[in-house]
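Participant: run-v8.txt is reproduced below (compact mmCIF, C-alpha atoms and all ligand atoms).
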```
# COMPACT_ATOMS: atom_id res chain seq x y z
CA MET Y 13 35.13 -92.01 -62.89
CA ASN Y 14 35.02 -92.01 -59.13
CA GLU Y 15 37.28 -89.19 -58.36
CA ILE Y 16 36.24 -86.29 -56.21
CA LEU Y 17 37.74 -83.04 -57.32
CA VAL Y 18 37.89 -80.00 -55.06
CA PHE Y 19 38.80 -76.60 -56.47
CA THR Y 20 40.72 -74.01 -54.50
CA GLU Y 21 42.14 -70.56 -55.15
CA VAL Y 22 45.82 -69.97 -54.53
CA ASN Y 23 47.55 -66.61 -54.35
CA ASP Y 24 50.89 -65.43 -52.99
CA ASP Y 25 49.64 -65.68 -49.38
CA GLY Y 26 48.60 -69.33 -49.62
CA PHE Y 27 45.57 -71.39 -50.52
CA ASP Y 28 42.11 -70.22 -49.57
CA LYS Y 29 41.30 -71.70 -46.15
CA SER Y 30 37.78 -72.56 -47.31
CA LEU Y 31 39.49 -75.60 -48.86
CA LEU Y 32 40.09 -77.00 -45.36
CA GLU Y 33 36.38 -76.61 -44.59
CA MET Y 34 35.51 -78.53 -47.76
CA LEU Y 35 37.98 -81.26 -46.77
CA PHE Y 36 36.41 -81.44 -43.30
CA MET Y 37 32.96 -81.82 -44.88
CA LEU Y 38 34.21 -84.54 -47.20
CA LYS Y 39 35.74 -86.37 -44.25
CA GLU Y 40 32.34 -86.24 -42.54
CA LEU Y 41 30.92 -87.74 -45.74
CA GLY Y 42 33.39 -90.59 -45.37
CA HIS Y 43 36.03 -89.50 -47.87
CA ASP Y 44 39.58 -89.90 -46.77
CA ASN Y 45 41.95 -87.19 -48.01
CA SER Y 46 43.86 -89.80 -49.95
CA THR Y 47 40.88 -90.30 -52.26
CA LEU Y 48 40.60 -86.66 -53.25
CA THR Y 49 42.27 -84.47 -55.82
CA VAL Y 50 42.57 -80.74 -55.32
CA ALA Y 51 42.72 -78.51 -58.38
CA ALA Y 52 44.63 -75.32 -57.59
CA LEU Y 53 43.70 -72.21 -59.50
CA GLY Y 54 45.73 -69.04 -59.69
CA ASP Y 55 48.54 -67.23 -61.43
CA ASN Y 56 51.88 -68.92 -62.17
CA MET Y 57 51.28 -71.97 -60.05
CA GLU Y 58 54.73 -73.48 -60.54
CA SER Y 59 56.19 -70.67 -58.48
CA LYS Y 60 53.80 -71.59 -55.67
CA GLU Y 61 54.86 -75.19 -55.30
CA SER Y 62 55.65 -74.83 -51.61
CA ILE Y 63 52.09 -73.62 -51.00
CA LEU Y 64 50.67 -76.54 -52.97
CA LYS Y 65 52.78 -78.93 -50.90
CA SER Y 66 50.99 -77.73 -47.78
CA ILE Y 67 47.57 -78.88 -49.03
CA PRO Y 68 46.66 -81.98 -46.99
CA VAL Y 69 45.51 -84.35 -49.75
CA SER Y 70 47.44 -86.92 -51.74
CA LYS Y 71 47.13 -85.28 -55.16
CA VAL Y 72 47.12 -81.68 -56.32
CA VAL Y 73 46.86 -80.63 -59.96
CA ALA Y 74 47.54 -77.22 -61.45
CA THR Y 75 48.23 -75.71 -64.83
CA LYS Y 76 51.85 -74.79 -65.50
CA ASN Y 77 52.93 -71.18 -65.44
CA LEU Y 78 49.82 -69.50 -66.68
CA ASP Y 79 48.78 -65.93 -66.08
CA THR Y 80 45.08 -66.13 -65.27
CA ASN Y 81 44.82 -62.34 -65.52
CA LYS Y 82 44.03 -61.96 -61.81
CA PHE Y 83 41.45 -64.76 -61.68
CA ASN Y 84 39.70 -63.65 -64.88
CA PRO Y 85 36.43 -65.67 -64.85
CA ASN Y 86 36.69 -66.62 -68.55
CA ILE Y 87 40.24 -67.89 -68.19
CA LEU Y 88 39.50 -69.69 -64.92
CA LYS Y 89 36.57 -71.45 -66.57
CA LYS Y 90 38.88 -72.66 -69.36
CA VAL Y 91 41.52 -73.86 -66.89
CA ALA Y 92 38.90 -75.60 -64.74
CA THR Y 93 37.19 -77.18 -67.75
CA ASN Y 94 40.55 -78.47 -68.97
CA ILE Y 95 41.23 -80.07 -65.59
CA VAL Y 96 37.76 -81.61 -65.40
CA GLU Y 97 38.12 -83.07 -68.91
CA ARG Y 98 41.45 -84.64 -67.94
CA LEU Y 99 40.26 -86.14 -64.65
CA ASN Y 100 36.62 -86.86 -65.43
CA PRO Y 101 35.55 -86.66 -61.75
CA SER Y 102 32.15 -87.82 -60.64
CA LYS Y 103 31.80 -85.08 -58.01
CA ILE Y 104 33.19 -81.58 -57.98
CA ILE Y 105 33.25 -79.37 -54.90
CA ILE Y 106 33.70 -75.63 -55.22
CA PRO Y 107 33.69 -73.39 -52.12
CA LYS Y 108 31.19 -70.56 -52.38
CA THR Y 109 33.69 -67.73 -52.38
CA SER Y 110 33.04 -64.82 -54.72
CA ILE Y 111 35.35 -66.41 -57.29
CA GLY Y 112 34.05 -69.92 -56.59
CA GLN Y 113 30.37 -69.22 -57.06
CA ASP Y 114 31.05 -67.52 -60.36
CA LEU Y 115 33.27 -70.38 -61.51
CA ALA Y 116 30.79 -73.09 -60.46
CA THR Y 117 28.01 -71.95 -62.76
CA ARG Y 118 30.34 -71.28 -65.70
CA LEU Y 119 31.94 -74.71 -65.26
CA ALA Y 120 28.54 -76.43 -65.05
CA TYR Y 121 27.58 -74.85 -68.36
CA SER Y 122 30.90 -75.53 -70.02
CA CYS Y 123 31.02 -79.21 -68.91
CA ASN Y 124 27.27 -79.76 -69.24
CA MET Y 125 26.99 -80.88 -65.63
CA GLY Y 126 24.23 -80.50 -63.11
CA ILE Y 127 25.00 -78.11 -60.30
CA VAL Y 128 23.67 -77.69 -56.78
CA ASN Y 129 24.41 -74.14 -55.72
CA ASP Y 130 24.64 -72.59 -52.27
CA CYS Y 131 24.76 -75.90 -50.35
CA LEU Y 132 24.98 -75.68 -46.60
CA TYR Y 133 26.05 -79.29 -46.56
CA ILE Y 134 25.75 -82.48 -48.57
CA GLU Y 135 23.93 -85.67 -47.67
CA ASN Y 136 25.12 -89.00 -49.01
CA ASN Y 137 22.21 -91.20 -49.95
CA ASP Y 138 23.53 -94.53 -51.25
CA ASP Y 139 26.39 -92.75 -52.98
CA LYS Y 140 23.97 -90.25 -54.50
CA TRP Y 141 24.79 -86.83 -53.16
CA ILE Y 142 22.06 -84.42 -52.21
CA GLY Y 143 22.83 -80.78 -51.61
CA VAL Y 144 20.93 -79.10 -48.78
CA ARG Y 145 20.42 -75.40 -49.37
CA PRO Y 146 18.40 -72.63 -47.73
CA VAL Y 147 15.39 -71.28 -49.63
CA PHE Y 148 12.75 -68.59 -49.03
CA GLY Y 149 15.15 -66.39 -47.13
CA GLY Y 150 16.45 -69.26 -45.04
CA ASN Y 151 13.03 -70.25 -43.66
CA TYR Y 152 13.13 -73.65 -45.35
CA PHE Y 153 15.75 -76.07 -46.63
CA ALA Y 154 15.58 -77.65 -50.06
CA LYS Y 155 17.26 -80.97 -50.81
CA VAL Y 156 18.51 -80.80 -54.36
CA LYS Y 157 19.85 -83.63 -56.51
CA ALA Y 158 21.62 -83.10 -59.82
CA THR Y 159 20.74 -85.84 -62.30
CA THR Y 160 23.80 -85.74 -64.57
CA ASP Y 161 26.49 -88.43 -64.22
CA SER Y 162 28.96 -85.89 -62.83
CA GLN Y 163 27.81 -83.12 -60.56
CA ILE Y 164 29.04 -79.85 -59.13
CA PHE Y 165 28.33 -78.76 -55.57
CA CYS Y 166 29.03 -75.16 -54.64
CA VAL Y 167 29.22 -75.16 -50.84
CA ARG Y 168 28.93 -72.24 -48.43
CA THR Y 169 32.03 -71.37 -46.48
CA LYS Y 170 32.19 -71.10 -42.68
CA VAL Y 171 29.66 -73.86 -42.15
CA PHE Y 172 32.27 -76.52 -41.36
CA GLU Y 173 35.36 -76.21 -39.25
CA GLU Y 174 38.75 -76.40 -40.94
CA LEU Y 175 40.30 -79.82 -41.24
CA ALA Y 176 43.37 -80.06 -39.03
CA ASP Y 177 45.59 -82.65 -40.66
CA ASN Y 178 49.22 -82.31 -41.62
CA SER Y 179 49.82 -86.01 -42.11
CA VAL Y 180 49.44 -86.06 -45.90
CA THR Y 181 51.67 -84.34 -48.43
CA PRO Y 182 50.46 -84.28 -52.00
CA ASP Y 183 52.04 -85.35 -55.25
CA ILE Y 184 51.77 -82.35 -57.49
CA GLU Y 185 51.05 -82.68 -61.16
CA PHE Y 186 51.53 -79.64 -63.34
CA TYR Y 187 49.70 -79.74 -66.64
CA GLU Y 188 51.23 -78.14 -69.69
CA ASN Y 189 49.60 -74.88 -70.46
CA ASP Y 190 47.70 -75.80 -73.61
CA ILE Y 191 44.79 -73.48 -72.89
CA ASN Y 192 43.84 -70.72 -75.22
CA ILE Y 193 43.66 -67.88 -72.77
CA ASP Y 194 42.06 -65.37 -75.11
CA SER Y 195 39.24 -63.83 -73.18
CA SER Y 196 36.46 -61.52 -74.22
CA THR Y 197 37.06 -59.60 -71.00
CA GLN Y 198 40.21 -58.41 -69.26
CA ILE Y 199 40.61 -57.58 -65.59
CA LEU Y 200 42.34 -54.22 -65.61
CA GLU Y 201 42.59 -53.67 -61.90
CA ARG Y 202 41.63 -55.24 -58.59
CA THR Y 203 41.34 -53.16 -55.47
CA GLN Y 204 41.26 -54.52 -51.97
CA GLU Y 205 38.13 -53.62 -50.06
CA GLN Y 206 39.20 -51.28 -47.26
CA SER Y 207 38.22 -52.69 -43.93
CA ASP Y 208 39.41 -51.74 -40.50
CA GLY Y 209 40.10 -54.75 -38.34
CA ILE Y 210 38.80 -58.25 -38.79
CA LYS Y 211 37.02 -59.35 -41.97
CA LEU Y 212 33.31 -59.87 -41.40
CA GLU Y 213 33.27 -63.31 -43.02
CA ASP Y 214 36.23 -64.53 -40.93
CA ALA Y 215 35.26 -63.11 -37.55
CA GLU Y 216 34.55 -65.42 -34.62
CA ILE Y 217 32.39 -62.66 -33.11
CA VAL Y 218 30.24 -60.22 -35.08
CA VAL Y 219 28.54 -57.18 -33.56
CA ALA Y 220 25.80 -55.87 -35.85
CA GLY Y 221 23.45 -52.93 -35.80
CA GLY Y 222 20.08 -52.34 -37.43
CA ARG Y 223 17.66 -49.55 -38.18
CA GLY Y 224 16.76 -49.48 -34.48
CA LEU Y 225 20.04 -47.65 -33.83
CA GLY Y 226 18.44 -44.62 -35.43
CA GLY Y 227 21.49 -43.33 -37.32
CA PRO Y 228 25.18 -43.85 -38.02
CA GLU Y 229 26.52 -42.36 -34.74
CA PRO Y 230 25.66 -45.32 -32.44
CA PHE Y 231 27.89 -47.49 -34.60
CA GLU Y 232 30.78 -45.83 -32.77
CA THR Y 233 29.64 -47.70 -29.65
CA LEU Y 234 29.40 -50.92 -31.66
CA ASP Y 235 32.93 -50.28 -32.96
CA GLU Y 236 34.11 -49.90 -29.39
CA ILE Y 237 32.40 -53.12 -28.31
CA ALA Y 238 33.84 -54.90 -31.34
CA GLY Y 239 37.31 -53.67 -30.44
CA LEU Y 240 37.00 -55.09 -26.92
CA LEU Y 241 35.65 -58.42 -28.15
CA ASN Y 242 38.04 -58.72 -31.08
CA ALA Y 243 34.96 -58.77 -33.28
CA ALA Y 244 33.92 -57.47 -36.69
CA VAL Y 245 31.06 -55.02 -37.19
CA GLY Y 246 28.13 -55.78 -39.48
CA ALA Y 247 24.78 -54.24 -40.33
CA SER Y 248 21.33 -54.95 -41.70
CA ARG Y 249 20.33 -53.90 -45.18
CA ALA Y 250 18.13 -51.13 -43.80
CA VAL Y 251 21.28 -49.56 -42.34
CA CYS Y 252 23.26 -49.90 -45.56
CA ASP Y 253 20.40 -48.66 -47.73
CA ALA Y 254 20.15 -45.61 -45.47
CA GLY Y 255 23.86 -44.95 -46.06
CA TRP Y 256 24.79 -45.29 -42.38
CA LYS Y 257 27.23 -48.03 -43.32
CA ASP Y 258 28.76 -49.13 -46.58
CA HIS Y 259 27.13 -52.14 -48.30
CA SER Y 260 30.25 -54.20 -47.55
CA TYR Y 261 28.90 -54.38 -43.97
CA GLN Y 262 25.57 -55.89 -45.02
CA ILE Y 263 24.68 -59.33 -43.70
CA GLY Y 264 21.91 -61.37 -45.28
CA LEU Y 265 20.43 -62.78 -48.42
CA THR Y 266 21.78 -60.01 -50.59
CA GLY Y 267 24.74 -59.33 -48.33
CA LYS Y 268 27.37 -61.51 -46.70
CA ASP Y 269 26.97 -64.99 -45.24
CA ILE Y 270 28.50 -65.26 -41.82
CA SER Y 271 28.73 -68.14 -39.34
CA PRO Y 272 30.46 -66.69 -36.29
CA ASN Y 273 30.60 -68.28 -32.89
CA LEU Y 274 28.74 -65.31 -31.46
CA TYR Y 275 26.42 -62.96 -33.33
CA PHE Y 276 25.46 -59.97 -31.25
CA THR Y 277 22.70 -57.76 -32.70
CA VAL Y 278 21.34 -54.40 -31.65
CA GLY Y 279 18.11 -53.03 -33.14
CA ILE Y 280 17.82 -55.66 -35.87
CA SER Y 281 14.33 -57.13 -36.23
CA GLY Y 282 15.57 -60.41 -37.74
CA ALA Y 283 13.73 -60.36 -41.07
CA SER Y 284 14.04 -63.66 -42.93
CA GLN Y 285 16.30 -62.04 -45.54
CA HIS Y 286 18.65 -60.96 -42.77
CA MET Y 287 18.60 -64.33 -41.04
CA ALA Y 288 19.47 -66.00 -44.35
CA GLY Y 289 22.97 -64.62 -43.91
CA CYS Y 290 23.49 -65.26 -40.20
CA GLY Y 291 21.24 -68.19 -39.29
CA ASN Y 292 24.30 -70.43 -39.03
CA SER Y 293 25.77 -68.43 -36.17
CA LYS Y 294 26.51 -70.73 -33.24
CA HIS Y 295 25.08 -68.35 -30.63
CA ILE Y 296 22.91 -65.27 -31.15
CA VAL Y 297 22.50 -62.58 -28.49
CA SER Y 298 20.16 -59.70 -29.28
CA ILE Y 299 18.94 -56.39 -27.95
CA ASP Y 300 15.61 -55.14 -29.27
CA LYS Y 301 12.80 -53.13 -27.73
CA ASN Y 302 10.12 -55.27 -29.35
CA ILE Y 303 9.57 -58.52 -27.48
CA ASP Y 304 7.92 -59.96 -30.59
CA ALA Y 305 10.87 -59.18 -32.88
CA ASN Y 306 11.68 -62.13 -35.10
CA ILE Y 307 15.31 -62.11 -33.98
CA PHE Y 308 14.25 -63.47 -30.57
CA LYS Y 309 13.14 -66.72 -32.24
CA ASP Y 310 16.80 -67.43 -32.98
CA ALA Y 311 18.50 -65.60 -30.13
CA GLU Y 312 19.72 -67.71 -27.22
CA ILE Y 313 19.86 -64.63 -25.01
CA GLY Y 314 17.69 -61.58 -25.57
CA ALA Y 315 17.52 -58.24 -23.82
CA VAL Y 316 14.18 -56.52 -24.39
CA GLY Y 317 14.47 -52.77 -24.11
CA ASP Y 318 15.90 -49.59 -25.54
CA TRP Y 319 19.54 -50.11 -26.51
CA LYS Y 320 20.30 -46.62 -25.15
CA ASN Y 321 19.59 -47.99 -21.67
CA ILE Y 322 21.29 -51.36 -22.14
CA LEU Y 323 24.45 -50.77 -24.18
CA PRO Y 324 26.27 -48.31 -21.87
CA GLY Y 325 26.22 -50.75 -18.93
CA PHE Y 326 27.21 -53.58 -21.24
CA LEU Y 327 30.13 -51.55 -22.56
CA ASP Y 328 31.28 -50.61 -19.05
CA THR Y 329 31.18 -54.25 -17.96
CA LEU Y 330 33.23 -55.24 -21.00
CA LYS Y 331 35.77 -52.53 -20.22
CA ASP Y 332 36.04 -53.77 -16.62
CA LEU Y 333 36.51 -57.33 -17.81
CA ALA Y 334 39.12 -56.20 -20.33
CA LYS Y 335 41.13 -54.61 -17.49
CA ASP Y 336 41.43 -57.96 -15.66
C1 LIG M 401 14.90 -59.41 -51.87
C2 LIG M 401 15.28 -58.86 -50.52
C3 LIG M 401 16.55 -59.06 -50.06
C4 LIG M 401 16.92 -58.55 -48.81
N1 LIG M 401 18.18 -58.78 -48.37
C5 LIG M 401 18.51 -58.37 -47.11
C6 LIG M 401 19.81 -58.64 -46.57
O1 LIG M 401 20.70 -59.19 -47.23
N2 LIG M 401 20.08 -58.22 -45.32
C7 LIG M 401 19.14 -57.58 -44.54
O2 LIG M 401 19.45 -57.24 -43.39
N3 LIG M 401 17.92 -57.32 -45.03
C8 LIG M 401 17.59 -57.67 -46.31
N4 LIG M 401 16.37 -57.36 -46.79
C9 LIG M 401 15.51 -56.42 -46.01
C10 LIG M 401 14.77 -57.08 -44.88
O3 LIG M 401 13.54 -57.57 -45.37
C11 LIG M 401 14.50 -56.07 -43.77
O4 LIG M 401 13.81 -54.97 -44.30
C12 LIG M 401 15.75 -55.56 -43.06
O5 LIG M 401 16.56 -56.64 -42.66
C13 LIG M 401 15.34 -54.76 -41.85
O6 LIG M 401 16.47 -54.24 -41.22
P1 LIG M 401 16.44 -53.92 -39.67
O7 LIG M 401 16.18 -55.16 -38.91
O8 LIG M 401 17.68 -53.16 -39.38
O9 LIG M 401 15.23 -52.89 -39.56
P2 LIG M 401 13.78 -53.07 -38.96
O10 LIG M 401 13.10 -54.25 -39.53
O11 LIG M 401 13.14 -51.75 -39.10
O12 LIG M 401 14.04 -53.39 -37.43
C14 LIG M 401 14.50 -52.47 -36.50
C15 LIG M 401 14.43 -53.13 -35.13
O13 LIG M 401 14.96 -52.22 -34.17
C16 LIG M 401 14.15 -52.26 -33.04
N5 LIG M 401 14.31 -50.97 -32.34
C17 LIG M 401 13.91 -49.75 -32.74
N6 LIG M 401 14.34 -48.80 -31.87
C18 LIG M 401 15.00 -49.47 -30.89
C19 LIG M 401 15.67 -49.05 -29.71
N7 LIG M 401 15.75 -47.76 -29.35
N8 LIG M 401 16.24 -50.01 -28.94
C20 LIG M 401 16.18 -51.32 -29.26
N9 LIG M 401 15.56 -51.77 -30.40
C21 LIG M 401 14.99 -50.85 -31.19
C22 LIG M 401 12.74 -52.46 -33.54
O14 LIG M 401 11.92 -53.03 -32.53
C23 LIG M 401 13.00 -53.43 -34.70
O15 LIG M 401 12.92 -54.78 -34.27
C24 LIG M 401 15.98 -57.83 -48.03
C25 LIG M 401 14.69 -57.66 -48.51
C26 LIG M 401 14.34 -58.16 -49.73
C27 LIG M 401 12.93 -57.96 -50.24
```
Please rewrite the model in this file as structure tokens.

Facilitator:
Amino acid sequence: MNEILVFTEVNDDGFDKSLLEMLFMLKELGHDNSTLTVAALGDNMESKESILKSIPVSKVVATKNLDTNKFNPNILKKVATNIVERLNPSKIIIPKTSIGQDLATRLAYSCNMGIVNDCLYIENNDDKWIGVRPVFGGNYFAKVKATTDSQIFCVRTKVFEELADNSVTPDIEFYENDINIDSSTQILERTQEQSDGIKLEDAEIVVAGGRGLGGPEPFETLDEIAGLLNAAVGASRAVCDAGWKDHSYQIGLTGKDISPNLYFTVGISGASQHMAGCGNSKHIVSIDKNIDANIFKDAEIGAVGDWKNILPGFLDTLKDLAKD
């Protein structure tokens, strides 16, 4: 029982790239890809063999042609439980995607395993793994150890870079579909969230606005800046609660987790609940008229003043640079 099992979601477009981040983290923890098994979850996996072959570990397992009813949580839990019972891994890694975080807790219950949720990273202490996770709105970090023999770690995405390794091609093992897929719930429809441009969670640069913008109109300037920087636009909860932007734009504890290279904020005070979702940004640059705004504790570069006086010049400079 030494195996490390990593779950990933696979659809027609490929496997979820968060898997490569998990593999990078595991490499940092000293685990070679050849010692890991990846469990691929999704519909009709046999038809996706070429995708599975592109996963850079030595072993991939999946359940034979099974319709998971568009990632129905009940069915996924049964598939995942079945795989865990077959492999009996000592450690399970699940990326904290929306499907992954739901699966992790269901799987922990179904397999009676301890779980460490929302890990930023994992520490290895004499082969005992400790999950490090943000608490109290990201102001502190808790080190959490699960005490069961096997443990589940649900790890935030976008904290680690993606593993770049094409040297390993996996053996693929398809399990017979012996799972009772009756489910008390059925997914009738899935709709893709409409978003113009780059997805907030995937963006290398995020331009975000807060209540200090005073209304929805100034977001047009942020959209323009985002266009020039190839960035995504985000917002604080105050903005989304006010209806200036849809809640899909919200960054923070009750919004999205982002870890861009550059996080550029305008009129966001930097409340701890906001920082919980963006504190992992590599560089933060902020405009706020209050020199004591909390955001300046994290910002590498800060402009203190009214955005109405600062943004136009900034935008013009960007436009000039874009011309060159
Ligand atoms: C349980 C819980 C969960 C929460 N989850 C989230 C979350 O996920 N995400 C989130 O964002 N918040 C969350 N919040 C809310 C959070 O506490 C803050 O209320 C919110 O982040 C404030 O948003 P803001 O920074 O846009 O507004 P404010 O705090 O009002 O800040 C506005 C800033 O704009 C500046 N400003 C004003 N006018 C100008 C100007 N003309 N030029 C330049 N600067 C100007 C001000 O100085 C100020 O710093 C949560 C709260 C709770 C209790």

Participant: Which residue is closest to Y:Ile164? Choose from Y:Ser110, Y:Ser102, Y:Ser179, Y:Ser248 and count only C-alpha atoms.

Facilitator: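 Among the listed residues, the smallest separation from Y:Ile164 belongs to Y:Ser102.
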
Participant: Pick out the residues no farther than 6 Å from ligand LIG 401 (chain M), counting all atoms listed in the file, and list them as a compact mmCIF listing (two decimals) with C-alpha atoms, in the coordinates of the input.

Facilitator:
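The resulting file, selection_39.txt, is reproduced below:
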```txt
# COMPACT_ATOMS: atom_id res chain seq x y z
CA GLY Y 222 20.08 -52.34 -37.43
CA ARG Y 223 17.66 -49.55 -38.18
CA GLY Y 224 16.76 -49.48 -34.48
CA SER Y 248 21.33 -54.95 -41.70
CA ARG Y 249 20.33 -53.90 -45.18
CA ALA Y 250 18.13 -51.13 -43.80
CA VAL Y 251 21.28 -49.56 -42.34
CA GLN Y 262 25.57 -55.89 -45.02
CA ILE Y 263 24.68 -59.33 -43.70
CA GLY Y 264 21.91 -61.37 -45.28
CA LEU Y 265 20.43 -62.78 -48.42
CA THR Y 266 21.78 -60.01 -50.59
CA GLY Y 267 24.74 -59.33 -48.33
CA GLY Y 279 18.11 -53.03 -33.14
CA ILE Y 280 17.82 -55.66 -35.87
CA SER Y 281 14.33 -57.13 -36.23
CA GLY Y 282 15.57 -60.41 -37.74
CA ALA Y 283 13.73 -60.36 -41.07
CA GLN Y 285 16.30 -62.04 -45.54
CA HIS Y 286 18.65 -60.96 -42.77
CA ILE Y 299 18.94 -56.39 -27.95
CA ASP Y 300 15.61 -55.14 -29.27
CA LYS Y 301 12.80 -53.13 -27.73
CA ASN Y 302 10.12 -55.27 -29.35
CA ALA Y 305 10.87 -59.18 -32.88
CA GLY Y 317 14.47 -52.77 -24.11
CA ASP Y 318 15.90 -49.59 -25.54
CA TRP Y 319 19.54 -50.11 -26.51
```

Participant: Just need the box for stretch 239-246 of chain Y, edges along x, y and z, holding every atom the file lists for it with 4 Å tacked onto each side, so centre and edge lengths in Å to one decimal, as lines of an AutoDock Vina configuration file.

Facilitator:
```
center_x = 33.1
center_y = -56.2
center_z = -33.2
size_x = 17.9
size_y = 13.1
size_z = 20.6
```

Participant: One decimal, in Å: what's the spacing between atom CA of Y:Tyr187 and atom CA of Y:Ile105?

Facilitator: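 Atom CA of Y:Ile105 lies at a distance of 20.2 Å from atom CA of Y:Tyr187.
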
Participant: Could you check how far atom CA of Y:His259 sits from atom CA of Y:Ala120, in Å to one decimal?

Facilitator: 29.5 Å

Participant: Give the answer as one residue: which of Y:Val219, Y:Ala74, Y:Val245, Y:Leu330 has the shortest atom-to-atom distance to Y:Val278, using all atoms listed in the file?

Facilitator: Y:Val219

Participant: Out of Y:Ser195, Y:Ser122, Y:Gln113, Y:Thr233, which residue has the shortest atom-to-atom distance to Y:Leu323 when counting only C-alpha atoms?

Facilitator: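 Counting only C-alpha atoms, the residue closest to Y:Leu323 is Y:Thr233.
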
Participant: If I take atom CA of Y:Met125 and atom CA of Y:Gln163, how far is one from the other in Å, to one decimal?

Facilitator: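 Between these atoms lies a distance of 5.6 Å.
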
Participant: Determine the nearest neighbour of Y:Glu185 from the options Y:Phe148, Y:Ile95, Y:Gly42, Y:Ala116, counting all atoms listed in the file.

Facilitator: Y:Ile95

Participant: When you look at Y:Asp310 with a cut-off of 12 Å (counting all atoms listed in the file), what residues show up, excluding the ones that are within fewer than 3 positions of it in the same chain? I need them as a list of chain:residue names.

Facilitator: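 Near neighbours after the sequence-gap exclusion: Y:Asn151, Y:Tyr275, Y:Phe276, Y:Thr277, Y:Ser281, Y:Gly282, Y:Ala283, Y:Ser284, Y:His286, Y:Met287, Y:Ala288, Y:Cys290, Y:Gly291, Y:Asn292, Y:Ser293, Y:Lys294, Y:His295, Y:Ile296, Y:Val297, Y:Ser298, Y:Asp304, Y:Ala305, Y:Asn306, Y:Ile307, Y:Ile313, Y:Gly314.
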
Participant: Which of these residues is nearest to Y:Glu229, using all atoms listed in the file: Y:Pro101, Y:Gly143, Y:Pro85, Y:Gly255?

Facilitator: Y:Gly255

Participant: So which one's closest to Y:Leu274, Y:Leu119, Y:Asn45, Y:Ile67, Y:Val218? Using only C-alpha atoms, please.

Facilitator: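 Under the stated criterion, the closest residue is Y:Val218.
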
Participant: Counting all atoms listed in the file, select every polymer residue within 7 Å of (36.0, -61.4, -30.9) as defined in the file's coordinates, and provide the selection as a VMD selection string.

Facilitator: chain Y and resid 215 to 217 238 241 to 243

Participant: Determine, using all atoms listed in the file, which residues of stretch 37-86 of chain Y have any atom at most 9 Å from an atom of stretch 129-141 of chain Y, and tabulate each with its shortest atom pair and distance in Å to one decimal place, rows ordered by chain and then rising number, as a Markdown table.

Facilitator:
```
| residue | atom | partner | partner_atom | distance |
| --- | --- | --- | --- | --- |
| Y:Met37 | CA | Y:Tyr133 | CA | 7.5 |
| Y:Leu38 | CA | Y:Ile134 | CA | 8.8 |
| Y:Leu41 | CA | Y:Asn136 | CA | 6.8 |
```

Participant: What's around stretch 51-53 of chain Y at 9 Å? Count all atoms listed in the file, leave out sequence neighbours fewer than 5 positions away in its own chain, and write the answer as a list in words.

Facilitator: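 Final neighbour list, sorted by chain and number: Leu17, Val18, Phe19, Thr20, Glu21, Val22, Asn23, Phe27, Leu64, Lys71, Val72, Val73, Ala74, Thr75, Thr80, Phe83, Leu88, Val91, Ala92 and Ile95 of chain Y.
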
Participant: Write out N, CA and C atoms for stretch 101-111 of chain Y, as a compact mmCIF listing (two decimals), keeping the file's coordinate frame.

Facilitator:
```
# COMPACT_ATOMS: atom_id res chain seq x y z
N PRO Y 101 36.03 -86.31 -63.11
CA PRO Y 101 35.55 -86.66 -61.75
C PRO Y 101 34.04 -86.88 -61.74
N SER Y 102 33.61 -87.62 -60.74
CA SER Y 102 32.15 -87.82 -60.64
C SER Y 102 31.52 -86.71 -59.79
N LYS Y 103 32.33 -86.15 -58.87
CA LYS Y 103 31.80 -85.08 -58.01
C LYS Y 103 32.82 -83.95 -57.96
N ILE Y 104 32.31 -82.75 -58.06
CA ILE Y 104 33.19 -81.58 -57.98
C ILE Y 104 32.68 -80.68 -56.85
N ILE Y 105 33.61 -80.28 -56.00
CA ILE Y 105 33.25 -79.37 -54.90
C ILE Y 105 33.93 -78.03 -55.14
N ILE Y 106 33.14 -76.98 -55.08
CA ILE Y 106 33.70 -75.63 -55.22
C ILE Y 106 33.21 -74.80 -54.03
N PRO Y 107 34.13 -74.24 -53.25
CA PRO Y 107 33.69 -73.39 -52.12
C PRO Y 107 32.99 -72.15 -52.64
N LYS Y 108 31.96 -71.73 -51.92
CA LYS Y 108 31.19 -70.56 -52.38
C LYS Y 108 31.88 -69.27 -51.97
N THR Y 109 33.05 -69.04 -52.51
CA THR Y 109 33.69 -67.73 -52.38
C THR Y 109 33.16 -66.88 -53.53
N SER Y 110 33.56 -65.61 -53.60
CA SER Y 110 33.04 -64.82 -54.72
C SER Y 110 33.57 -65.35 -56.04
N ILE Y 111 34.81 -65.82 -56.05
CA ILE Y 111 35.35 -66.41 -57.29
C ILE Y 111 34.71 -67.78 -57.53
```
